[in-house]
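Trainee: Mind looking over this structure? Questions follow.
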Amino acid sequence: MKVNLYYAPFPSQIFQGESEPINTERPLNPKSALTTIAAGLRAYAPHFGYSCDIEIIDLQLGGQRVKYKSLPYGPRIMDCFRYGTPFEEADEKIRSAEVHGITCNFTNSAHIVSDLAQHIKRVNPKAIVVVGGVDCTARPQYYLSRGADVVVRGEGELTFARIIDALNRKQDLGTVPNISLRGRLIPTKVDTGETVPMDSIEPMALDLIPDLSVYTDTAEGPPPEGVQGSFICWETSRGCAWRCSFCTAPSRGGYRYMSLPTMEKHLRTFQEYGIKTIVWQEDNPLSRIQQNGTGRYLYDSGREDVLAMFHMFRDYGFAWEFANGIEFGKFMQNGRFDHELADALLGSKMVDGRWVGCYRVQIPLDNMNVKKRRFPKLLGFDEQVDVLATMLTDHGVGHQTYDLFIGYPEHDREGIDMFTDYCLRLKEELTAVGQGRYQPYFNVFNLSLLPGARDWTTLHSLLQFDIDQNPEVIGIFLSAINTDHFTYWDIYQKRLEMTTMLNDREMHRLYDGIYAG
């Protein structure tokens, strides 16, 4: 059986009369979703008794823009493009396969993914189209009514293998758990008891990537000198100990993580394929050292496991960045800074002109708890400055990227101005401490109501768009809600204003412009 796995073209939105996209375009980000799914298909094949020929088709490569719609956004018209390779260039590959899998984690890609599903059905009417990912899990009917035959709900490694097994045996797909089918009743819940143990995940099928060296985007702009490719996105855990309202991680099951021997098996595969740099994509690696209300660790060996894993990564000679952020408050334990823990995650050195260890870290400021304490994991301002200064001076992490969200219902102009002032103070204090070694960048994001997150459930009545008609507006670079204090257009403009105010022009150009076009 031939199985094609697709990354749909990258979503790109540009206001009419402008040349620069509204969102950052990162088609060259190293990708792990489909190589992990392919490894799962191979791993489960002997157990189920099927065989399949797998091909990964990355339609995000190619650099072409194909306009597919326009929509009014505030006083302007926004043109929406598919950025990458036109669908038609894959027609020969589409005709060659019986099963076609498409991944879609982000709502603003939904229209493009559904267009690809319908294109596949036109070119190959007998094809079975399977879609999966976070947005598909939360909104299966959208995809089933727009070309998909099957939606995988939740994690895909085992579920996709079960789908292939049922098709191979010509069995009714209705027997496969955690899927939704066209024309059938949609299950309301995903069985999170079906989550995949991390130690069962085989190393990515990197042999299916023709050229790993083309993936040169390390997620947060150009890396410092000495950081070498090839790059890989990787996760050693899934889930998070916290349940932040904007995040979809809780919908994917409880927190679990790999053992050290399994991690080492993955590292050896990375070395075999010339990987030198890891771009961490997991939700919260430091959930391993989460404590309960009485101060007891939830995982008895969690801290020791974290120390051992990062020492192992360093011993293997890898460089890394925390592209999805780390919960830096975990470095404070019982009122004291945990230098041993910080050095394991953040320490680095140059070996023969090549960076080994951490070269950049993303810091989740979220909304700094202005006006309302939404995020209990966050420290107060003075505590944040102390921890970040220690990270900078004692552990050498001069490349720090900060993520912050604006546009919550409680955010009024006074609160956002206070938020901006906090960030400027943070930048001023750390710049003084860093003595020229500090290169900050502030990612100012608008609150995005991601289906599957708690904010979607509690705030979706504020939406000013039909998500099925215009899913493109559901993203961190645009706002889609009106509050008592701002219209969606006003808070979008406020994001642009803050981005310009907080970032030096050259850093902003490098971060947002280096990979465009």
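Each chain in the structure tokens gets a letter, A, B and so on, in the order shown; residues start at 1 in every chain, and ligands are counted from 1 in the order they appear.
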Write out as a VMD selection string all residues of region 281-452 of chain A that DSSP puts in strand (DSSP E) for this structure's backbone.

Mentor: chain A and resid 319 to 322 332 to 333 336 to 337 348 to 351 354 to 366 399 to 406 439 to 446

Trainee: What are the nearest atom pairs, with distances in Å to one decimal, for all residues of region 340-371 of chain A that come at most 8 Å from region 219-232 of chain A, using only C-alpha atoms, set out by chain and rising residue number as CSV?

Mentor:
residue,atom,partner,partner_atom,distance
A:Met350,CA,A:Gly226,CA,7.7
A:Gly353,CA,A:Gly226,CA,6.0
A:Arg354,CA,A:Gly226,CA,4.6
A:Trp355,CA,A:Gly226,CA,5.1
A:Tyr359,CA,A:Pro224,CA,7.4
A:Arg360,CA,A:Pro223,CA,7.9

Trainee: Region 413-427 of chain A: which residues within 10 Å, counting only C-alpha atoms, same-chain residues fewer than 3 positions away excluded, as JSON, numbers by chain?

Mentor: {"A": [365, 367, 368, 369, 370, 371, 381, 382, 384, 385, 388, 389, 402, 404, 405, 406, 407, 410, 430, 431, 432, 433, 438, 439, 440, 441, 442, 485, 486, 491, 494, 495, 498, 499, 501, 502, 503]}

Trainee: Could you pull the residues within 6 Å of region 276-291 of chain A, counting only C-alpha atoms, minus those fewer than 2 positions along the same chain, as a compact mmCIF listing (two decimals) with C-alpha atoms, in the first residue's frame?

Mentor:
# COMPACT_ATOMS: atom_id res chain seq x y z
CA GLY A 229 23.01 22.44 10.83
CA SER A 230 21.44 20.18 10.14
CA PHE A 231 18.62 21.06 12.53
CA ILE A 232 15.84 18.95 13.98
CA CYS A 233 12.69 19.71 15.97
CA TRP A 234 12.24 17.21 18.78
CA GLU A 235 10.23 16.48 21.90
CA CYS A 240 2.40 20.03 30.68
CA ALA A 241 1.83 20.17 34.43
CA GLY A 295 6.14 20.99 47.94
CA ARG A 296 6.51 17.29 47.08
CA TYR A 297 7.87 16.43 43.65
CA LEU A 298 5.36 14.64 41.39
CA GLY A 302 12.46 14.12 37.79
CA ARG A 303 15.22 16.59 38.62
CA PHE A 318 24.55 18.90 20.26
CA ALA A 319 23.63 22.58 20.35
CA TRP A 320 20.05 23.54 21.18
CA GLU A 321 17.51 26.27 21.66
CA PHE A 322 14.23 26.23 23.58
CA ALA A 323 12.00 27.43 20.75
CA ASN A 324 8.77 26.68 22.60

Trainee: Compare A:Phe106, A:Phe337, A:Ser200, A:Pro75 by their minimum atom-to-atom distance to Asp490 (chain A), counting only C-alpha atoms, and give me the closest one.

Mentor: A:Pro75

Trainee: I want to know what sits within 12 Å of Ile164 (chain A), based on only C-alpha atoms, with residues of the same chain fewer than 3 positions away left out; could you give that as a ChimeraX atom specification?

Mentor: /A:1-4,38,40-42,44-45,48-54,98-101,128-130,150,156-161,167-173,176

Trainee: List the neighbours of Gln13 (chain A) out to 9 Å using only C-alpha atoms; skip same-chain residues closer than 2 positions along the sequence, and give me the result as a list in words.

Mentor: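 Those residues are Pro11, Phe15, Glu20, Pro21, Ile22, Asn23, Met78, Asp79, Cys80, Phe81, Arg82 and Glu472 of chain A.
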
Trainee: Among region 383-505 of chain A, which ones does DSSP assign to helix (DSSP H, G or I) (computed from the backbone)? Answer as a compact mmCIF listing (two decimals) with N, CA, C and O atoms, in the first residue's frame.

Mentor:
# COMPACT_ATOMS: atom_id res chain seq x y z
N GLU A 383 11.20 39.25 40.68
CA GLU A 383 11.71 37.89 40.65
C GLU A 383 12.16 37.51 39.24
O GLU A 383 13.19 36.85 39.04
N GLN A 384 11.38 37.95 38.22
CA GLN A 384 11.76 37.66 36.85
C GLN A 384 13.10 38.29 36.51
O GLN A 384 13.97 37.64 35.90
N VAL A 385 13.28 39.54 36.87
CA VAL A 385 14.55 40.21 36.58
C VAL A 385 15.71 39.47 37.24
O VAL A 385 16.76 39.25 36.61
N ASP A 386 15.55 39.08 38.50
CA ASP A 386 16.62 38.38 39.20
C ASP A 386 16.99 37.07 38.50
O ASP A 386 18.17 36.77 38.31
N VAL A 387 15.97 36.29 38.13
CA VAL A 387 16.24 35.00 37.50
C VAL A 387 16.87 35.20 36.13
O VAL A 387 17.86 34.54 35.77
N LEU A 388 16.32 36.10 35.32
CA LEU A 388 16.84 36.32 33.97
C LEU A 388 18.25 36.90 34.01
O LEU A 388 19.08 36.56 33.16
N ALA A 389 18.53 37.78 34.95
CA ALA A 389 19.87 38.33 35.08
C ALA A 389 20.87 37.24 35.45
O ALA A 389 22.00 37.21 34.94
N THR A 390 20.47 36.33 36.32
CA THR A 390 21.34 35.22 36.68
C THR A 390 21.59 34.31 35.48
O THR A 390 22.72 33.86 35.25
N MET A 391 20.54 34.05 34.69
CA MET A 391 20.70 33.26 33.48
C MET A 391 21.70 33.91 32.54
O MET A 391 22.51 33.24 31.89
N LEU A 392 21.67 35.23 32.48
CA LEU A 392 22.52 35.97 31.56
C LEU A 392 23.96 36.04 32.05
O LEU A 392 24.91 35.76 31.30
N THR A 393 24.15 36.40 33.31
CA THR A 393 25.50 36.63 33.83
C THR A 393 26.22 35.34 34.21
O THR A 393 27.41 35.18 33.96
N ASP A 394 25.51 34.40 34.81
CA ASP A 394 26.17 33.18 35.31
C ASP A 394 26.16 32.04 34.29
O ASP A 394 26.98 31.13 34.39
N HIS A 395 25.22 32.10 33.33
CA HIS A 395 25.10 30.97 32.40
C HIS A 395 25.20 31.37 30.93
O HIS A 395 25.08 30.53 30.04
N ARG A 413 -6.33 49.93 28.20
CA ARG A 413 -5.15 50.66 27.72
C ARG A 413 -4.15 50.89 28.85
O ARG A 413 -2.93 50.80 28.63
N GLU A 414 -4.64 51.16 30.04
CA GLU A 414 -3.75 51.35 31.17
C GLU A 414 -2.94 50.08 31.45
O GLU A 414 -1.73 50.13 31.68
N GLY A 415 -3.63 48.94 31.41
CA GLY A 415 -2.95 47.68 31.68
C GLY A 415 -1.90 47.35 30.63
O GLY A 415 -0.80 46.88 30.96
N ILE A 416 -2.21 47.58 29.36
CA ILE A 416 -1.25 47.28 28.31
C ILE A 416 -0.07 48.25 28.36
O ILE A 416 1.08 47.86 28.12
N ASP A 417 -0.33 49.51 28.69
CA ASP A 417 0.78 50.45 28.85
C ASP A 417 1.68 50.02 30.01
O ASP A 417 2.91 50.14 29.94
N MET A 418 1.07 49.50 31.07
CA MET A 418 1.84 48.99 32.20
C MET A 418 2.69 47.80 31.76
O MET A 418 3.87 47.67 32.11
N PHE A 419 2.07 46.94 30.97
CA PHE A 419 2.74 45.76 30.42
C PHE A 419 3.94 46.18 29.58
O PHE A 419 5.06 45.65 29.71
N THR A 420 3.74 47.18 28.71
CA THR A 420 4.82 47.69 27.87
C THR A 420 5.95 48.25 28.71
O THR A 420 7.14 48.01 28.45
N ASP A 421 5.59 48.98 29.75
CA ASP A 421 6.59 49.57 30.65
C ASP A 421 7.39 48.48 31.35
O ASP A 421 8.61 48.59 31.50
N TYR A 422 6.72 47.40 31.77
CA TYR A 422 7.41 46.28 32.39
C TYR A 422 8.47 45.73 31.43
O TYR A 422 9.61 45.45 31.82
N CYS A 423 8.10 45.54 30.17
CA CYS A 423 9.02 44.97 29.19
C CYS A 423 10.21 45.89 28.94
O CYS A 423 11.35 45.44 28.82
N LEU A 424 9.95 47.20 28.85
CA LEU A 424 11.03 48.16 28.66
C LEU A 424 11.97 48.17 29.87
O LEU A 424 13.20 48.25 29.71
N ARG A 425 11.40 48.08 31.05
CA ARG A 425 12.23 48.02 32.26
C ARG A 425 13.07 46.75 32.27
O ARG A 425 14.25 46.78 32.64
N LEU A 426 12.45 45.64 31.88
CA LEU A 426 13.17 44.37 31.82
C LEU A 426 14.34 44.48 30.85
O LEU A 426 15.47 44.08 31.17
N LYS A 427 14.08 45.04 29.68
CA LYS A 427 15.12 45.20 28.68
C LYS A 427 16.24 46.11 29.19
O LYS A 427 17.44 45.82 29.02
N GLU A 428 15.87 47.23 29.84
CA GLU A 428 16.86 48.17 30.35
C GLU A 428 17.73 47.54 31.43
O GLU A 428 18.97 47.67 31.42
N GLU A 429 17.10 46.83 32.38
CA GLU A 429 17.84 46.23 33.47
C GLU A 429 18.80 45.17 32.96
O GLU A 429 19.97 45.11 33.37
N LEU A 430 18.33 44.31 32.05
CA LEU A 430 19.17 43.22 31.58
C LEU A 430 20.23 43.70 30.60
O LEU A 430 21.32 43.12 30.52
N THR A 431 19.94 44.75 29.84
CA THR A 431 20.95 45.32 28.95
C THR A 431 22.12 45.86 29.77
O THR A 431 23.29 45.69 29.41
N ALA A 432 21.81 46.51 30.90
CA ALA A 432 22.86 47.03 31.77
C ALA A 432 23.68 45.89 32.37
O ALA A 432 24.91 45.95 32.42
N VAL A 433 23.00 44.85 32.80
CA VAL A 433 23.69 43.70 33.39
C VAL A 433 24.54 42.98 32.35
O VAL A 433 25.67 42.56 32.61
N GLY A 434 23.99 42.88 31.13
CA GLY A 434 24.65 42.09 30.10
C GLY A 434 25.86 42.73 29.47
O GLY A 434 26.66 42.05 28.83
N ARG A 454 -8.86 26.23 26.62
CA ARG A 454 -9.93 26.70 27.50
C ARG A 454 -10.44 28.08 27.09
O ARG A 454 -11.63 28.39 27.22
N ASP A 455 -9.54 28.94 26.57
CA ASP A 455 -9.97 30.27 26.14
C ASP A 455 -11.01 30.18 25.02
O ASP A 455 -11.91 31.03 24.92
N TRP A 456 -10.89 29.17 24.17
CA TRP A 456 -11.88 29.00 23.10
C TRP A 456 -13.25 28.74 23.70
O TRP A 456 -14.26 29.31 23.27
N THR A 457 -13.30 27.91 24.71
CA THR A 457 -14.56 27.55 25.35
C THR A 457 -15.19 28.75 26.05
O THR A 457 -16.40 28.99 25.94
N THR A 458 -14.38 29.54 26.74
CA THR A 458 -14.93 30.61 27.58
C THR A 458 -15.10 31.93 26.84
O THR A 458 -15.91 32.76 27.28
N LEU A 459 -14.37 32.16 25.75
CA LEU A 459 -14.36 33.48 25.13
C LEU A 459 -14.83 33.50 23.68
O LEU A 459 -14.86 34.58 23.07
N HIS A 460 -15.22 32.34 23.12
CA HIS A 460 -15.51 32.34 21.68
C HIS A 460 -16.73 33.19 21.32
O HIS A 460 -16.90 33.55 20.16
N SER A 461 -17.55 33.54 22.31
CA SER A 461 -18.69 34.43 22.01
C SER A 461 -18.22 35.83 21.60
O SER A 461 -18.99 36.60 21.02
N LEU A 462 -16.96 36.17 21.89
CA LEU A 462 -16.41 37.47 21.52
C LEU A 462 -15.90 37.52 20.08
O LEU A 462 -15.54 38.59 19.59
N PRO A 471 -11.03 30.84 8.82
CA PRO A 471 -10.14 30.35 9.88
C PRO A 471 -8.79 31.08 9.90
O PRO A 471 -8.07 30.99 10.90
N GLU A 472 -8.46 31.80 8.82
CA GLU A 472 -7.17 32.50 8.75
C GLU A 472 -6.97 33.51 9.87
O GLU A 472 -5.83 33.84 10.22
N VAL A 473 -8.07 34.03 10.44
CA VAL A 473 -7.93 35.07 11.47
C VAL A 473 -7.58 34.49 12.84
O VAL A 473 -7.30 35.24 13.77
N TYR A 488 -11.08 44.26 17.58
CA TYR A 488 -10.00 43.37 17.11
C TYR A 488 -8.97 44.14 16.30
O TYR A 488 -7.76 43.87 16.36
N TRP A 489 -9.43 45.13 15.52
CA TRP A 489 -8.50 45.93 14.73
C TRP A 489 -7.60 46.79 15.62
O TRP A 489 -6.39 46.89 15.40
N ASP A 490 -8.19 47.39 16.66
CA ASP A 490 -7.42 48.24 17.56
C ASP A 490 -6.34 47.45 18.30
O ASP A 490 -5.21 47.93 18.47
N ILE A 491 -6.68 46.25 18.75
CA ILE A 491 -5.68 45.47 19.50
C ILE A 491 -4.61 44.93 18.56
O ILE A 491 -3.44 44.78 18.94
N TYR A 492 -4.98 44.67 17.31
CA TYR A 492 -3.97 44.31 16.30
C TYR A 492 -2.99 45.46 16.10
O TYR A 492 -1.76 45.26 16.06
N GLN A 493 -3.52 46.68 15.99
CA GLN A 493 -2.66 47.85 15.84
C GLN A 493 -1.78 48.05 17.07
O GLN A 493 -0.61 48.46 16.96
N LYS A 494 -2.31 47.75 18.23
CA LYS A 494 -1.54 47.87 19.47
C LYS A 494 -0.38 46.88 19.47
O LYS A 494 0.72 47.19 19.95
N ARG A 495 -0.60 45.69 18.93
CA ARG A 495 0.49 44.72 18.83
C ARG A 495 1.63 45.25 17.97
O ARG A 495 2.81 45.13 18.33
N LEU A 496 1.29 45.86 16.83
CA LEU A 496 2.31 46.42 15.96
C LEU A 496 3.08 47.54 16.67
O LEU A 496 4.31 47.64 16.56
N GLU A 497 2.34 48.36 17.39
CA GLU A 497 2.96 49.47 18.11
C GLU A 497 3.94 48.96 19.17
O GLU A 497 5.07 49.46 19.30
N MET A 498 3.52 47.95 19.93
CA MET A 498 4.39 47.40 20.97
C MET A 498 5.62 46.72 20.37
O MET A 498 6.73 46.84 20.89
N THR A 499 5.42 45.99 19.27
CA THR A 499 6.54 45.30 18.62
C THR A 499 7.61 46.30 18.21
O THR A 499 8.82 46.07 18.41
N THR A 500 7.18 47.41 17.64
CA THR A 500 8.13 48.45 17.21
C THR A 500 8.80 49.11 18.41
O THR A 500 10.01 49.37 18.39
N MET A 501 8.05 49.34 19.46
CA MET A 501 8.58 50.05 20.62
C MET A 501 9.59 49.19 21.39
O MET A 501 10.60 49.70 21.89
N LEU A 502 9.36 47.89 21.45
CA LEU A 502 10.17 47.03 22.31
C LEU A 502 11.41 46.49 21.62
O LEU A 502 12.37 46.07 22.29
N ARG A 505 15.35 48.06 15.64
CA ARG A 505 14.94 47.87 14.25
C ARG A 505 15.68 46.72 13.58
O ARG A 505 15.09 45.92 12.85

Trainee: Can you work out which one of A:Ile326, A:Ala148, A:Val134, A:Ile77 has the shortest atom-to-atom distance to Gln118 (chain A), counting only C-alpha atoms?

Mentor: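 Of A:Ile326, A:Ala148, A:Val134, A:Ile77, the one nearest Gln118 (chain A), counting only C-alpha atoms, is A:Ala148.
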
Trainee: Work out how far CA of Glu327 (chain A) is from CA of Val351 (chain A), in Å to one decimal.

Mentor: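 So the two atoms, CA of Val351 (chain A) and CA of Glu327 (chain A), lie 28.0 Å apart.
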
Trainee: For CA of Gln333 (chain A) and CA of Val361 (chain A), determine how far apart the two atoms are, in Å to one decimal place.

Mentor: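 Those two atoms sit 19.8 Å apart.
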
Trainee: Tell me, as a list in words, which residues lie within 10 Å of Pro197 (chain A), counting only C-alpha atoms; anything in the same chain fewer than 6 positions away does not count.

Mentor: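 That gives Ser237, Arg238, Arg256, Tyr257 and Met258 of chain A.
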
Trainee: Could the residues in this selection be saved with C-alpha atoms as a short mmCIF file (atom, residue, chain, number, x, y, z; two decimals), in the first residue's frame?

Mentor:
data_model
loop_
_atom_site.label_atom_id
_atom_site.label_comp_id
_atom_site.auth_asym_id
_atom_site.auth_seq_id
_atom_site.Cartn_x
_atom_site.Cartn_y
_atom_site.Cartn_z
CA SER A 237 7.87 14.78 26.59
CA ARG A 238 4.25 15.61 25.81
CA ARG A 256 4.66 11.93 30.24
CA TYR A 257 8.28 11.75 29.14
CA MET A 258 10.94 9.49 27.62
#
